[in-house]
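Trainee: Dropping a structure here in structure tokens format, bear with me for questions.
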Amino acid sequence: MITFDPAGFTEHDPAPQFQSIFQALRSTLLPILWMLLLTASGTLIAAQLLQQGNFYMQAALGFGLGAGLFTIVVGLASLMGIPLTAPVMAWSAAILAGSAALTVLVRRTHAENEGIRPFTRALKKPQLDGWVLVFLGLAAISALAAAGKGYRVSDELLIWAPKGYGIAYSGTLAGVTEWGTNTLPYPLQVPILIAASNLLFGDILPAAKLVFSAYYLAVLILAYSYLIQIGVRPYAAGCCTLLVATTPLIFRHATIAYANLPFSFNLMAAVLVLARAVPCGSPRQPGAKRAYLLSGLFFMLAAWTRPEGTWMAWLLIASLALLAFFRRRGATWRDWGWLVAPMFFYQIYWWLVSRSAYLEGVERSQIGLRAFSAMVEGNLHLTEGLYILTAGFSRLLNFESWGVWGMGLILLAAAGTWGWKKKRGGSSLVFLAGWLMLGMVVVMYYIASFDKNHDISWWVSTGLERMLFPGLLLLWLGGIQLVHEGKKEATEPDNLV
């Protein structure tokens, strides 16, 4: 049963209403300004760590990085015993912004000597882009829908919002098990963002719903900017991104407080940054280690967003490192050390936070052990495994959920796989990462088929499609890159007959 403290909402409370236009404007503009501050902080950091990327890519990365690091700072404050009040939330954002500005001042004096362009060169004079305006418009529409619906769907009512409200009411991360469901030790990035919005701006809008529309916008701008960066023409890149933007299921998640869109953004950002960092036949550029660090930060934030994020991040890192090693890329062990350093920090950080936040423990799933025992005995659940594969494939053909993008994904995945072995260099890294992500989701649901309380159809119907987001996004971008580079090679003079 969902419970809020009497000081907060109950199901019998009347819906909050604006008393004036000024109050409505204030409730809208202040959260936007707060998110812009987090974006600016993250952008200053991202611009120093990533040499490549235009202003829009840096800003998209900056929002995700700023929002994620803000929650890390809040978590550290709670570990130090500081009550999480509105002033503490404001100071946490200010500390993050000040730290970002300070690192810029320090790094700027050494940038030219190390061959790293100053952040001002990466951020100055952004050119107006019509496609970015289109994506801003779609994000604004999703924000209106998100605020209008409030909290109303299962996971946001059972997990994310109750824990966020509990943190806001109690002023601490300790005891989040008293709020919402208590099935797994959920990471607390999303609840902390909800708590911060609640404390800083109240509940009338509610302001926290705007965060998820912002993640939707960040996904679109990052995807569009990446396609532009690899040489796809703006019109084609915009149309390919628009297919993602208008996918009904993706757009719906921009209006609800689920963690899947933030999770997808963090994993997508980690892989795309890593793809640009791994040398692809060209000389290793100075400062490449910083791009590995930025990728590692996004892997860390993915782990901080959903329970399965930790093992998915580690498996992706290990798989991509092996791929780079066997293809003899120029990355050094020190580079990979920068990549995994944030994850090692997170393992310690999460151990401390989870011990504080989940005081009474949680119901830890035994499905993995049950699955292993059953497979040893010869019960392989082949029918369930086939059901997962066919259900995932057939649902992509459901126009009401996946729109045109679903069919496009199937065609592009086939085309990309067909031409994959012909490609040289690092262009296949994103494509392969997409397949790896999809494979991990299939394995996760295969293990879930051994659950005694629910059959596999329940698991598939309640979460499979949204868990496919990160893999499908990477598969889409990687497939476009393979097709684009294949077309480019085919039209080169040496290849013309």
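Ligands are numbered from 1 in the order shown, residues from 1 within each chain, and chains are lettered A, B, ... in the order they appear in the structure tokens.
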Could you pull the residues within 12 Å of Ser170 of chain A, counting only C-alpha atoms, minus those fewer than 2 positions along the same chain, as a VMD selection string?
Mentor: chain A and resid 4 to 5 7 to 8 78 82 to 85 162 to 168 172 to 176 178 to 179 195 199 357
Trainee: From the options A:Thr305, A:Gln58, A:Thr103, A:Gln229, which residue's atoms come nearest to Asn260 of chain A, counting only C-alpha atoms?
Mentor: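 Of the candidates, the smallest distance to Asn260 of chain A is held by A:Thr305.
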Trainee: Quick one: pick out all helix (DSSP H, G or I) residues within segment 173-322 of chain A from a backbone DSSP run and write them as an MDAnalysis selection string.
Mentor: chainID A and resid 176:178 189:201 209:229 234:245 248:253 260:277 288:303 309:322
Trainee: Using only C-alpha atoms, which protein or nucleic acid residues come within 8 Å of Val271 of chain A? Drop anything in the same chain fewer than 6 positions from it, and give the result as number ranges by chain.
Mentor: A: 295, 430, 433
Trainee: Here is a test: counting only C-alpha atoms, which residue of A:Asn453, A:Arg306, A:Leu261, A:Thr417 is nearest to Pro470 of chain A?
Mentor: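 Distance minimum relative to Pro470 of chain A lands on A:Leu261.
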Trainee: Just the residues within 10 Å of Ser457 of chain A, please, counting only C-alpha atoms, with nothing from its chain fewer than 3 positions along; format it as a PyMOL selection string.
Mentor: chain A and resi 384+387-388+391+449+454+460-462+464
Trainee: For Gly478 of chain A, work out the shell of residues within 8 Å, counting only C-alpha atoms and skipping chain neighbours fewer than 6 positions away, then give it as a list of chain:residue names.
Mentor: A:Gly416, A:Ser427, A:Ser428, A:Leu429, A:Val430, A:Phe431, A:Leu432, A:Gly434
Trainee: Extract, using only C-alpha atoms, all DNA, RNA and protein residues at most 7 Å from Trp336 of chain A, discarding same-chain residues fewer than 4 positions from it, and format them as JSON, numbers by chain.
Mentor: {"A": [292, 332, 340]}
Trainee: Would you mind exporting the chosen residues as an mmCIF file, in the first residue's frame, restricted to C-alpha atoms?
Mentor:
```cif
data_model
loop_
_atom_site.group_PDB
_atom_site.id
_atom_site.type_symbol
_atom_site.label_atom_id
_atom_site.label_comp_id
_atom_site.auth_asym_id
_atom_site.auth_seq_id
_atom_site.Cartn_x
_atom_site.Cartn_y
_atom_site.Cartn_z
ATOM 1 C CA TYR A 292 37.351 7.851 -20.954
ATOM 2 C CA THR A 332 46.158 2.035 -23.087
ATOM 3 C CA VAL A 340 36.514 2.224 -14.535
#
```
Trainee: Restricting the calculation to only C-alpha atoms: of A:Leu412, A:Leu220, A:Val278, A:Ala67, which residue gets closest to Phe325 of chain A?
Mentor: A:Val278
Trainee: Near Thr43 of chain A, counting only C-alpha atoms, which residues have an atom at most 12 Å away, once you skip same-chain residues fewer than 2 positions from it, shown as an MDAnalysis selection string?
Mentor: chainID A and resid 35:41 45:50 53:67 69 96:97 100:101 104 119:120 122:123 294
Trainee: Would you put the residues from that selection into a file with N, CA and C atoms, as a tab-separated table (two decimals), in the first residue's frame?
Mentor:
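In the end it all went to again-v5.tsv:
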```tsv
chain	number	residue	atom	x	y	z
A	35	MET	N	17.18	23.65	-13.44
A	35	MET	CA	17.72	22.66	-14.36
A	35	MET	C	18.77	23.28	-15.29
A	36	LEU	N	18.59	24.55	-15.65
A	36	LEU	CA	19.60	25.23	-16.46
A	36	LEU	C	20.91	25.39	-15.68
A	37	LEU	N	20.81	25.64	-14.37
A	37	LEU	CA	22.02	25.72	-13.55
A	37	LEU	C	22.74	24.38	-13.52
A	38	LEU	N	21.99	23.29	-13.34
A	38	LEU	CA	22.60	21.97	-13.36
A	38	LEU	C	23.21	21.68	-14.73
A	39	THR	N	22.50	22.10	-15.78
A	39	THR	CA	23.01	21.89	-17.14
A	39	THR	C	24.30	22.65	-17.36
A	40	ALA	N	24.33	23.91	-16.93
A	40	ALA	CA	25.54	24.72	-17.09
A	40	ALA	C	26.71	24.11	-16.34
A	41	SER	N	26.45	23.62	-15.12
A	41	SER	CA	27.52	23.00	-14.33
A	41	SER	C	28.07	21.77	-15.03
A	45	ILE	N	31.89	20.89	-17.11
A	45	ILE	CA	32.71	19.69	-16.86
A	45	ILE	C	32.88	18.88	-18.14
A	46	ALA	N	31.76	18.65	-18.85
A	46	ALA	CA	31.81	17.84	-20.07
A	46	ALA	C	32.70	18.46	-21.13
A	47	ALA	N	32.66	19.79	-21.25
A	47	ALA	CA	33.46	20.48	-22.27
A	47	ALA	C	34.95	20.33	-22.02
A	48	GLN	N	35.32	20.15	-20.76
A	48	GLN	CA	36.74	19.96	-20.44
A	48	GLN	C	37.20	18.53	-20.68
A	49	LEU	N	36.26	17.59	-20.58
A	49	LEU	CA	36.62	16.18	-20.69
A	49	LEU	C	36.50	15.63	-22.10
A	50	LEU	N	35.66	16.25	-22.92
A	50	LEU	CA	35.42	15.75	-24.27
A	50	LEU	C	35.87	16.78	-25.29
A	53	GLY	N	32.60	17.36	-30.18
A	53	GLY	CA	31.21	17.66	-29.87
A	53	GLY	C	30.91	19.13	-29.97
A	54	ASN	N	29.75	19.46	-30.55
A	54	ASN	CA	29.35	20.85	-30.67
A	54	ASN	C	28.66	21.32	-29.39
A	55	PHE	N	28.18	22.54	-29.42
A	55	PHE	CA	27.54	23.12	-28.23
A	55	PHE	C	26.35	22.29	-27.78
A	56	TYR	N	25.53	21.85	-28.72
A	56	TYR	CA	24.31	21.13	-28.35
A	56	TYR	C	24.63	19.77	-27.73
A	57	MET	N	25.63	19.09	-28.26
A	57	MET	CA	26.03	17.83	-27.64
A	57	MET	C	26.56	18.06	-26.23
A	58	GLN	N	27.39	19.09	-26.07
A	58	GLN	CA	27.93	19.39	-24.74
A	58	GLN	C	26.80	19.72	-23.77
A	59	ALA	N	25.79	20.46	-24.23
A	59	ALA	CA	24.68	20.83	-23.35
A	59	ALA	C	23.85	19.60	-22.96
A	60	ALA	N	23.61	18.70	-23.92
A	60	ALA	CA	22.86	17.48	-23.61
A	60	ALA	C	23.61	16.63	-22.60
A	61	LEU	N	24.91	16.43	-22.85
A	61	LEU	CA	25.73	15.70	-21.88
A	61	LEU	C	25.76	16.44	-20.55
A	62	GLY	N	25.80	17.77	-20.61
A	62	GLY	CA	25.87	18.58	-19.40
A	62	GLY	C	24.66	18.43	-18.51
A	63	PHE	N	23.47	18.35	-19.11
A	63	PHE	CA	22.28	18.18	-18.27
A	63	PHE	C	22.33	16.86	-17.51
A	64	GLY	N	22.59	15.76	-18.23
A	64	GLY	CA	22.64	14.47	-17.55
A	64	GLY	C	23.74	14.40	-16.51
A	65	LEU	N	24.89	14.96	-16.84
A	65	LEU	CA	26.01	14.95	-15.90
A	65	LEU	C	25.72	15.82	-14.70
A	66	GLY	N	25.19	17.02	-14.94
A	66	GLY	CA	24.89	17.93	-13.84
A	66	GLY	C	23.83	17.38	-12.90
A	67	ALA	N	22.74	16.84	-13.48
A	67	ALA	CA	21.67	16.28	-12.64
A	67	ALA	C	22.17	15.09	-11.84
A	69	LEU	N	25.41	14.27	-10.96
A	69	LEU	CA	26.40	14.65	-9.94
A	69	LEU	C	25.75	15.42	-8.80
A	96	LEU	N	28.14	22.37	-6.69
A	96	LEU	CA	28.45	21.73	-7.97
A	96	LEU	C	28.83	22.77	-9.01
A	97	ALA	N	28.05	23.86	-9.09
A	97	ALA	CA	28.34	24.92	-10.06
A	97	ALA	C	29.68	25.58	-9.76
A	100	ALA	N	32.55	23.25	-10.71
A	100	ALA	CA	32.73	23.20	-12.16
A	100	ALA	C	33.45	24.44	-12.66
A	101	ALA	N	33.04	25.61	-12.16
A	101	ALA	CA	33.69	26.85	-12.58
A	101	ALA	C	35.15	26.89	-12.15
A	104	VAL	N	37.32	24.81	-14.35
A	104	VAL	CA	37.53	25.49	-15.63
A	104	VAL	C	38.69	26.47	-15.53
A	119	PHE	N	37.43	25.19	-22.97
A	119	PHE	CA	35.99	24.97	-23.08
A	119	PHE	C	35.30	26.09	-23.83
A	120	THR	N	35.85	27.30	-23.78
A	120	THR	CA	35.20	28.42	-24.45
A	120	THR	C	35.16	28.21	-25.96
A	122	ALA	N	34.74	25.32	-27.41
A	122	ALA	CA	33.72	24.33	-27.70
A	122	ALA	C	32.32	24.89	-27.53
A	123	LEU	N	32.18	25.95	-26.72
A	123	LEU	CA	30.85	26.41	-26.36
A	123	LEU	C	30.46	27.74	-27.01
A	294	LEU	N	34.96	10.74	-18.72
A	294	LEU	CA	33.58	11.20	-18.92
A	294	LEU	C	32.66	10.02	-19.19
```
